[in-house]
Structure formats: C-alpha cells, structure tokens
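K.L.:
Attaching a single structure in structure tokens format; questions to follow.
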Amino acid sequence: MPIPIIVCYFGDKLLPEAVVATVVSMVPISITSTYLALMYAVMLTYLPFSMAMIYKSSIATPNNVAPRKQNEQLKVTHPAFARILAAESNMLEGFPFFAVAVLAANQAGVPSATTCMYATFWLVVRAAFCIVYAIANNVLLSVLRSSLWAFSMMTVGKLFALAVAAGN
C-alpha cells in the first residue's frame, strides 16, 4: 500500500493530540475560525510561488510572456529554484485534501476549537515544509522534509477521523 494512503488512514492513531497541542501553543497567533484557517492555507499554498518569484528576480529578469518556459530553463541550472518549484507543486497537490478535511470536520460538527487546533498545526507544518524543501540539499534535510509532509497528511487523516466520529 502506498505511503500516502497509510499515513492518511492511520493519521488518527499516529498523530498524538498532545504533540499537536504543544506545537500549536507555541504559535504566536490564535486561529479561532476554520474559515480563517482555510484562507491562511490558500495564502500559504502560494508561499513557494512567492519564494520562486523572489529567487527568479535575483538571478534573471522574470519573463511574464513565457514564465513556465523560463521556470523549466532555470530548474535545470539552479537546483534551489527546482526545489522551490517542487514545493509549489506539492503545496498545490496537498491543499485540496486539507480543505476538504476541514470542511468535513465543520459539516460533521467537530468543535471549531478542535478543528482550528489541527488546522493551525497543518499550517505550521506546511510552512516549515516549504522552507525545508527550498533548502534541503542533503539527506538529513530531505528526511525532515518528508517527515513534515507526513505530519501534514496525518493531520488530514485526523480531521477526517474526527469528522467520522462526530457524524456517527
């Protein structure tokens, strides 16, 4: 069975609430609305895009006529730029699952505070994921990146499990 399926399905069992609560307690802002968390997630999804634009501007004049062609060319010669684009793809792939999990938890009646706690955790983990992905040029950092990704998938699985439990 592929790793994403296992991590998401068993996320409920693999992600201790105490770990999530500890991480969230260190966040300087408090997210009290699941819809605000979704807005932040949309914004965070485009963090790698912003990182890519800054990086691209530092090494070339951005080509707005053929930006994807320029990205493909720069990926070949700039490994950090390639990693940022990979982080962007991963964020775009992962956001829909998170959004559906949050909305499922809302619809099922999971307490907003609980959903917000897990959403905040997802945001923190995914922000760290983007940064680590951009700088991961060795095995240790790549393992950290993969671990952060796994925590984000566990969070999605946990939100769905909460929705299932509340909906019964």
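The way I read the labels, and the way they are meant: chains A, B, ... in the order of the structure tokens, residue 1 as the first residue of every chain, and ligand 1 as the first ligand shown, with later ones counted on from there.
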Residues of stretch 29-100 of chain A within 9 Å of stretch 138-157 of chain A: nearest atom pair and distance (Å, one decimal) for each, counting only C-alpha atoms, sorted by chain and number, as a Markdown table?
P.N.:
| residue | atom | partner | partner_atom | distance |
| --- | --- | --- | --- | --- |
| A:Gly94 | CA | A:Met153 | CA | 8.3 |
| A:Phe97 | CA | A:Val156 | CA | 6.8 |
| A:Phe98 | CA | A:Val156 | CA | 5.6 |
| A:Ala99 | CA | A:Val156 | CA | 8.8 |
| A:Val100 | CA | A:Val156 | CA | 8.7 |
K.L.:
Please save N, CA and C atoms of the selected residues as a compact mmCIF listing (two decimals), in the first residue's frame.
P.N.:
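Output saved as result14.txt:
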# COMPACT_ATOMS: atom_id res chain seq x y z
N GLY A 94 -1.47 19.21 -2.16
CA GLY A 94 -1.93 18.90 -0.81
C GLY A 94 -3.06 19.75 -0.29
N PHE A 97 -6.88 18.38 -0.24
CA PHE A 97 -7.17 17.37 0.78
C PHE A 97 -7.39 18.02 2.14
N PHE A 98 -6.55 19.00 2.46
CA PHE A 98 -6.69 19.71 3.72
C PHE A 98 -8.02 20.47 3.76
N ALA A 99 -8.33 21.18 2.69
CA ALA A 99 -9.57 21.96 2.66
C ALA A 99 -10.79 21.08 2.83
N VAL A 100 -10.81 19.96 2.15
CA VAL A 100 -11.95 19.04 2.27
C VAL A 100 -12.03 18.47 3.69
K.L.:
Report as CSV: every residue of stretch 104-162 of chain A with an atom at most 9 Å from stretch 41-56 of chain A, its closest pair of atoms, and their distance in Å to one decimal, counting only C-alpha atoms, with rows sorted by chain and ascending residue number.
P.N.:
residue,atom,partner,partner_atom,distance
A:Ala119,CA,A:Ala41,CA,8.6
A:Trp122,CA,A:Ala41,CA,8.6
A:Leu123,CA,A:Ala41,CA,6.5
A:Arg126,CA,A:Leu44,CA,7.8
A:Ala127,CA,A:Leu44,CA,6.9
A:Cys130,CA,A:Pro48,CA,6.5
A:Ile131,CA,A:Pro48,CA,8.4
A:Ala134,CA,A:Pro48,CA,8.3
K.L.:
Using only C-alpha atoms, which protein or nucleic acid residues come within 7 Å of A:Phe121? Drop anything in the same chain fewer than 4 positions from it, and give the result as JSON, numbers by chain.
P.N.:
{"A": [20, 23, 24, 117, 125]}
K.L.:
Write out as a ChimeraX atom specification all residues of chain A that DSSP puts in helix (DSSP H, G or I) for this structure's backbone.
P.N.:
/A:3-9,11-14,17-25,34-45,47-59,67-77,79-108,112-135,139-167
K.L.:
Find the residue from A:Met26, A:Leu14, A:Ala161, A:Ala136 that sits nearest to A:Arg83; use only C-alpha atoms when measuring.
P.N.:
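That would be A:Ala136, the residue with the smallest distance to A:Arg83.
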K.L.:
Give me, as a ChimeraX atom specification, all polymer residues having an atom no more than 9 Å from A:Lys158, counting only C-alpha atoms and skipping those fewer than 6 positions away in the same chain.
P.N.:
/A:8-15,101,118
K.L.:
Next, dump the selected residues to file, keeping only N, CA and C atoms, as an mmCIF file, in the first residue's frame.
P.N.:
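Now in selection27.cif:
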data_model
loop_
_atom_site.group_PDB
_atom_site.id
_atom_site.type_symbol
_atom_site.label_atom_id
_atom_site.label_comp_id
_atom_site.auth_asym_id
_atom_site.auth_seq_id
_atom_site.Cartn_x
_atom_site.Cartn_y
_atom_site.Cartn_z
ATOM 1 N N CYS A 8 -2.224 8.784 5.797
ATOM 2 C CA CYS A 8 -3.518 9.451 5.966
ATOM 3 C C CYS A 8 -4.493 8.572 6.749
ATOM 4 N N TYR A 9 -4.585 7.300 6.370
ATOM 5 C CA TYR A 9 -5.558 6.411 7.007
ATOM 6 C C TYR A 9 -5.273 6.226 8.493
ATOM 7 N N PHE A 10 -4.005 6.087 8.839
ATOM 8 C CA PHE A 10 -3.641 5.869 10.236
ATOM 9 C C PHE A 10 -3.258 7.155 10.951
ATOM 10 N N GLY A 11 -3.473 8.305 10.306
ATOM 11 C CA GLY A 11 -3.147 9.590 10.913
ATOM 12 C C GLY A 11 -3.794 9.778 12.263
ATOM 13 N N ASP A 12 -4.997 9.265 12.407
ATOM 14 C CA ASP A 12 -5.715 9.368 13.678
ATOM 15 C C ASP A 12 -4.941 8.702 14.807
ATOM 16 N N LYS A 13 -4.284 7.602 14.495
ATOM 17 C CA LYS A 13 -3.536 6.850 15.508
ATOM 18 C C LYS A 13 -2.087 7.331 15.633
ATOM 19 N N LEU A 14 -1.535 7.871 14.539
ATOM 20 C CA LEU A 14 -0.120 8.236 14.507
ATOM 21 C C LEU A 14 0.175 9.638 15.035
ATOM 22 N N LEU A 15 -0.847 10.479 15.105
ATOM 23 C CA LEU A 15 -0.632 11.877 15.476
ATOM 24 C C LEU A 15 -1.220 12.151 16.854
ATOM 25 N N ALA A 101 -10.894 18.164 4.283
ATOM 26 C CA ALA A 101 -10.888 17.619 5.648
ATOM 27 C C ALA A 101 -11.431 18.641 6.640
ATOM 28 N N TYR A 118 -6.036 21.623 14.872
ATOM 29 C CA TYR A 118 -5.410 20.790 13.853
ATOM 30 C C TYR A 118 -5.082 21.598 12.600
#
K.L.:
Counting only C-alpha atoms, which residue out of A:Val164, A:Val124, A:Ala37, A:Ile135 sits closest to A:Ser25?
P.N.:
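Selected residue with least distance to A:Ser25: A:Val124.
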K.L.:
Would you compute the distance between atom CA of A:Asn71 and atom CA of A:Leu85? Give it in Å to one decimal.
P.N.:
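Atom-to-atom, atom CA of A:Asn71 and atom CA of A:Leu85 are spaced 8.2 Å apart.
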K.L.:
Please determine, counting only C-alpha atoms, which residue among A:Met91, A:Leu159, A:Ile84, A:Val27 has the shortest atom-to-atom distance to A:Ala108.
P.N.:
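Closest to A:Ala108, using only C-alpha atoms: A:Leu159.
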